[in-house]
Amino acid sequence: QEQFVESGGGLVQPGASLTLACAASGFAIADWNIGWFRQVPGKEREQVSWIHSSGETTKYADSAKGRFTISRDNTQNTVYLQMNNLEPGDTGLYYCAAEVSFKATPSGLKSIWDYWGQGTQVTVSA
């Protein structure tokens with residue numbers, strides 16, 4: 001089955017660091033832009049970060065800027081999310097997905113995501 005397998009989550013105290021890994025299973029990530037997302041119960045899924053297929057361009061949600069770093073190793077078929085100075089607001093189930101296409105909407109192009117994994121839980125609590 002083609003999907004990502006996320007790992008690296010855990011229960012940590014505020015200020016701690018975690019590195020999440022997103023390993024592709026059954027397909028190669030080299031041609032895909034990849035995004036990390038966070039899901040909190042009762043809230044919409046939020047895109048936390050994004051990395052171009054080349055690895056040369058990255059984007060972050062305002063809440064992640066300055067604290068999170070996304071990177072990729074196409075030879076290992078894996079994308080990483082280094083998270084520093086974690087805050088309780090970072091708590092959630094973290095997923096990655098590949099940006100496989102786009103569709104036109106009245107508000108502009110919208111990304112189409114695929115190869116979702118099961119996610120890895122990050123809990124930040126004192």
# chains A, B, ... in the order shown; residues from 1 in each chain; ligands from 1
$ closest_atom_pairs --of "range 86-120 of chain A" --to "range 48-63 of chain A" --cutoff "10 Å" --atoms "only C-alpha atoms" --output "Markdown table"
| residue | atom | partner | partner_atom | distance |
| --- | --- | --- | --- | --- |
| A:Glu87 | CA | A:Ser63 | CA | 9.9 |
| A:Gly89 | CA | A:Ser63 | CA | 8.8 |
| A:Asp90 | CA | A:Ser63 | CA | 8.5 |
| A:Tyr94 | CA | A:Val48 | CA | 9.0 |
| A:Tyr95 | CA | A:Val48 | CA | 9.7 |
| A:Cys96 | CA | A:Trp50 | CA | 9.4 |
| A:Ala97 | CA | A:Trp50 | CA | 9.6 |
| A:Ala98 | CA | A:Trp50 | CA | 9.6 |
| A:Glu99 | CA | A:Trp50 | CA | 9.3 |
$ atom_distance --atom1 "CA of Gly92 in chain A" --atom2 "CA of Gly35 in chain A"
15.4 Å
$ residues_around --residues "range 2-8 of chain A" --least-positions-apart "6" --cutoff "7 Å" --atoms "only C-alpha atoms" --output "list in words"
Leu18, Thr19, Leu20, Ala21, Cys22, Ala23, Ala24, Ser25, Gly26, Phe27, Tyr95, Cys96, Tyr115, Trp116, Gly117, Gln118, Gly119 and Thr120 of chain A
$ closest_residue --among "A:Ser125, A:Gly15, A:Gly10, A:Phe68" --to "Tyr80 in chain A" --atoms "only C-alpha atoms"
A:Phe68
$ select_by_dssp --residues "chain A" --states "strand (DSSP E or B)" --output "count of residues only"
70
$ closest_residue --among "A:Asp114, A:Arg45, A:Thr91, A:Ile34" --to "Asp73 in chain A" --atoms "only C-alpha atoms"
A:Ile34
$ closest_residue --among "A:Leu93, A:Ala16, A:Leu86, A:Ala28" --to "Pro41 in chain A" --atoms "only C-alpha atoms"
A:Leu93
